[in-house]
$ cat my_file-v6.txt   # compact mmCIF, C-alpha atoms
# COMPACT_ATOMS: atom_id res chain seq x y z
CA MET A 175 20.56 35.89 -12.54
CA VAL A 176 23.52 33.66 -13.34
CA GLN A 177 23.34 31.47 -16.44
CA ILE A 178 25.37 28.53 -17.72
CA ARG A 179 25.55 28.92 -21.48
CA LEU A 180 27.62 28.63 -24.65
CA ALA A 181 30.03 31.34 -25.80
CA ARG A 182 31.03 31.13 -29.47
CA HIS A 183 34.70 31.15 -30.47
CA GLY A 184 36.65 29.96 -33.51
CA THR A 185 36.59 31.23 -37.05
CA LYS A 186 33.84 31.93 -39.54
CA LYS A 187 32.10 28.67 -40.55
CA SER A 188 34.29 26.72 -38.10
CA PRO A 189 32.96 27.46 -34.62
CA PHE A 190 33.64 25.91 -31.27
CA TYR A 191 32.00 26.87 -28.02
CA ARG A 192 33.10 27.37 -24.45
CA ILE A 193 30.65 26.50 -21.71
CA VAL A 194 30.70 29.47 -19.37
CA VAL A 195 28.97 30.72 -16.26
CA ALA A 196 27.94 34.34 -16.84
CA GLU A 197 25.53 37.00 -15.67
CA HIS A 198 22.50 36.84 -17.98
CA ARG A 199 22.79 40.54 -18.93
CA ARG A 200 26.29 40.11 -20.38
CA PRO A 201 26.74 39.65 -24.16
CA ARG A 202 27.07 36.11 -25.51
CA ASP A 203 30.85 36.36 -25.99
CA GLY A 204 31.42 38.92 -23.25
CA ARG A 205 32.74 38.76 -19.72
CA PHE A 206 32.06 35.56 -17.80
CA ILE A 207 32.54 34.26 -14.26
CA GLU A 208 34.01 30.82 -14.99
CA ASN A 209 34.81 28.59 -17.97
CA ILE A 210 33.63 25.04 -17.17
CA GLY A 211 33.96 23.21 -20.48
CA THR A 212 33.96 23.14 -24.26
CA PHE A 213 31.74 21.94 -27.07
CA ASP A 214 32.96 21.21 -30.59
CA PRO A 215 30.05 20.60 -32.99
CA ALA A 216 32.27 18.31 -35.10
CA GLY A 217 33.61 16.45 -32.09
CA ALA A 218 32.62 16.11 -28.48
CA LEU A 219 31.28 17.81 -25.40
CA ALA A 220 33.67 18.16 -22.46
CA ILE A 221 32.29 19.63 -19.25
CA ASP A 222 33.44 19.65 -15.63
CA MET A 223 30.30 18.16 -14.08
CA ALA A 224 31.43 18.93 -10.52
CA ARG A 225 31.56 22.65 -11.32
CA PHE A 226 28.31 22.42 -13.30
CA GLU A 227 26.54 20.89 -10.28
CA HIS A 228 28.17 23.47 -7.98
CA TRP A 229 26.73 26.34 -10.00
CA LYS A 230 23.32 24.66 -10.35
CA LYS A 231 23.24 24.23 -6.57
CA HIS A 232 23.95 27.94 -6.16
CA GLY A 233 21.03 28.97 -8.40
CA ALA A 234 22.53 29.17 -11.89
CA GLN A 235 20.26 28.09 -14.73
CA ALA A 236 21.50 26.24 -17.79
CA SER A 237 20.44 27.53 -21.21
CA HIS A 238 17.98 25.52 -23.28
CA THR A 239 20.70 24.58 -25.79
CA LEU A 240 23.08 23.39 -23.08
CA ASP A 241 20.31 21.30 -21.47
CA ARG A 242 19.65 19.66 -24.85
CA LEU A 243 23.36 18.88 -25.35
CA LEU A 244 23.71 17.37 -21.87
CA LYS A 245 20.63 15.18 -22.36
CA ALA A 246 22.02 13.94 -25.70
CA LYS A 247 25.35 13.16 -24.02
CA ALA A 248 23.57 11.21 -21.27
CA ARG A 249 21.55 9.23 -23.85
CA ALA A 250 24.72 8.40 -25.81
CA ALA A 251 26.47 7.24 -22.63
CA ALA A 252 23.50 5.04 -21.70
CA ALA A 253 23.33 3.52 -25.18
CA ALA A 254 27.06 2.79 -25.35
CA PRO A 255 27.92 -0.88 -24.78
CA GLN A 256 29.33 -1.66 -21.35
CA SER A 257 32.76 -3.33 -21.29
$ encode --input "my_file-v6.txt" --output "structure tokens"
Amino acid sequence: MVQIRLARHGTKKSPFYRIVVAEHRRPRDGRFIENIGTFDPAGALAIDMARFEHWKKHGAQASHTLDRLLKAKARAAAAAPQS
């Protein structure tokens, strides 16, 4: 099964995460199929939604944590004032 999940990078006590598509049996920071975005806990979430939808359409499942982050991003976008 293919999963869309976070892979931890950065230094001790200062992490950042890459959003990767990987086989579910691979280690968290191991080999992956494609890198589709980044997440910085102190900053923002940047994801290529076209590639995310492509992989979802082909049967990949997003991790629980990634689903939560995407829902929070959608809520923040909806709450932002329209110019």
$ closest_residue --input "my_file-v6.txt" --among "A:Ser188, A:Ala246, A:Leu180, A:Gln256" --to "Ala216 of chain A" --atoms "all atoms listed in the file"
A:Ser188
$ closest_residue --input "my_file-v6.txt" --among "A:Val176, A:Ala196, A:Ala218, A:Ile210" --to "Leu243 of chain A" --atoms "all atoms listed in the file"
A:Ala218
$ residues_near_point --input "my_file-v6.txt" --point "(25.1, 32.8, -15.5)" --cutoff "7 Å" --atoms "only C-alpha atoms" --output "number ranges by chain"
A: 175-178, 195-198, 234-235
$ atom_distance --input "my_file-v6.txt" --atom1 "atom CA of Arg242 of chain A" --atom2 "atom CA of Trp229 of chain A"
17.8 Å
$ closest_residue --input "my_file-v6.txt" --among "A:His238, A:Thr212, A:Phe206, A:Ala254" --to "His183 of chain A" --atoms "all atoms listed in the file"
A:Thr212
$ build_atoms --input "my_file-v6.txt" --residues "segment 186-197 of chain A" --atoms "N, CA and C atoms" --output "PDB file, keeping the file's coordinate frame"
ATOM      1  N   LYS A 186      35.072  31.953 -38.763  1.00  0.00           N
ATOM      2  CA  LYS A 186      33.840  31.930 -39.540  1.00  0.00           C
ATOM      3  C   LYS A 186      33.646  30.551 -40.175  1.00  0.00           C
ATOM      4  N   LYS A 187      32.483  29.984 -40.028  1.00  0.00           N
ATOM      5  CA  LYS A 187      32.100  28.670 -40.550  1.00  0.00           C
ATOM      6  C   LYS A 187      32.856  27.507 -39.900  1.00  0.00           C
ATOM      7  N   SER A 188      33.590  27.768 -38.828  1.00  0.00           N
ATOM      8  CA  SER A 188      34.290  26.720 -38.100  1.00  0.00           C
ATOM      9  C   SER A 188      34.258  27.041 -36.591  1.00  0.00           C
ATOM     10  N   PRO A 189      33.070  27.037 -36.008  1.00  0.00           N
ATOM     11  CA  PRO A 189      32.960  27.460 -34.620  1.00  0.00           C
ATOM     12  C   PRO A 189      33.296  26.358 -33.617  1.00  0.00           C
ATOM     13  N   PHE A 190      33.660  26.781 -32.428  1.00  0.00           N
ATOM     14  CA  PHE A 190      33.640  25.910 -31.270  1.00  0.00           C
ATOM     15  C   PHE A 190      33.129  26.776 -30.128  1.00  0.00           C
ATOM     16  N   TYR A 191      32.658  26.139 -29.091  1.00  0.00           N
ATOM     17  CA  TYR A 191      32.000  26.870 -28.020  1.00  0.00           C
ATOM     18  C   TYR A 191      32.634  26.556 -26.686  1.00  0.00           C
ATOM     19  N   ARG A 192      32.698  27.567 -25.836  1.00  0.00           N
ATOM     20  CA  ARG A 192      33.100  27.370 -24.450  1.00  0.00           C
ATOM     21  C   ARG A 192      31.830  27.374 -23.620  1.00  0.00           C
ATOM     22  N   ILE A 193      31.786  26.522 -22.625  1.00  0.00           N
ATOM     23  CA  ILE A 193      30.650  26.500 -21.710  1.00  0.00           C
ATOM     24  C   ILE A 193      31.060  27.385 -20.536  1.00  0.00           C
ATOM     25  N   VAL A 194      30.331  28.473 -20.363  1.00  0.00           N
ATOM     26  CA  VAL A 194      30.700  29.470 -19.370  1.00  0.00           C
ATOM     27  C   VAL A 194      29.554  29.750 -18.410  1.00  0.00           C
ATOM     28  N   VAL A 195      29.934  30.224 -17.239  1.00  0.00           N
ATOM     29  CA  VAL A 195      28.970  30.720 -16.260  1.00  0.00           C
ATOM     30  C   VAL A 195      29.056  32.238 -16.352  1.00  0.00           C
ATOM     31  N   ALA A 196      27.934  32.898 -16.633  1.00  0.00           N
ATOM     32  CA  ALA A 196      27.940  34.340 -16.840  1.00  0.00           C
ATOM     33  C   ALA A 196      26.647  34.966 -16.326  1.00  0.00           C
ATOM     34  N   GLU A 197      26.726  36.232 -16.011  1.00  0.00           N
ATOM     35  CA  GLU A 197      25.530  37.000 -15.670  1.00  0.00           C
ATOM     36  C   GLU A 197      24.669  37.086 -16.932  1.00  0.00           C
TER      37      GLU A 197
END
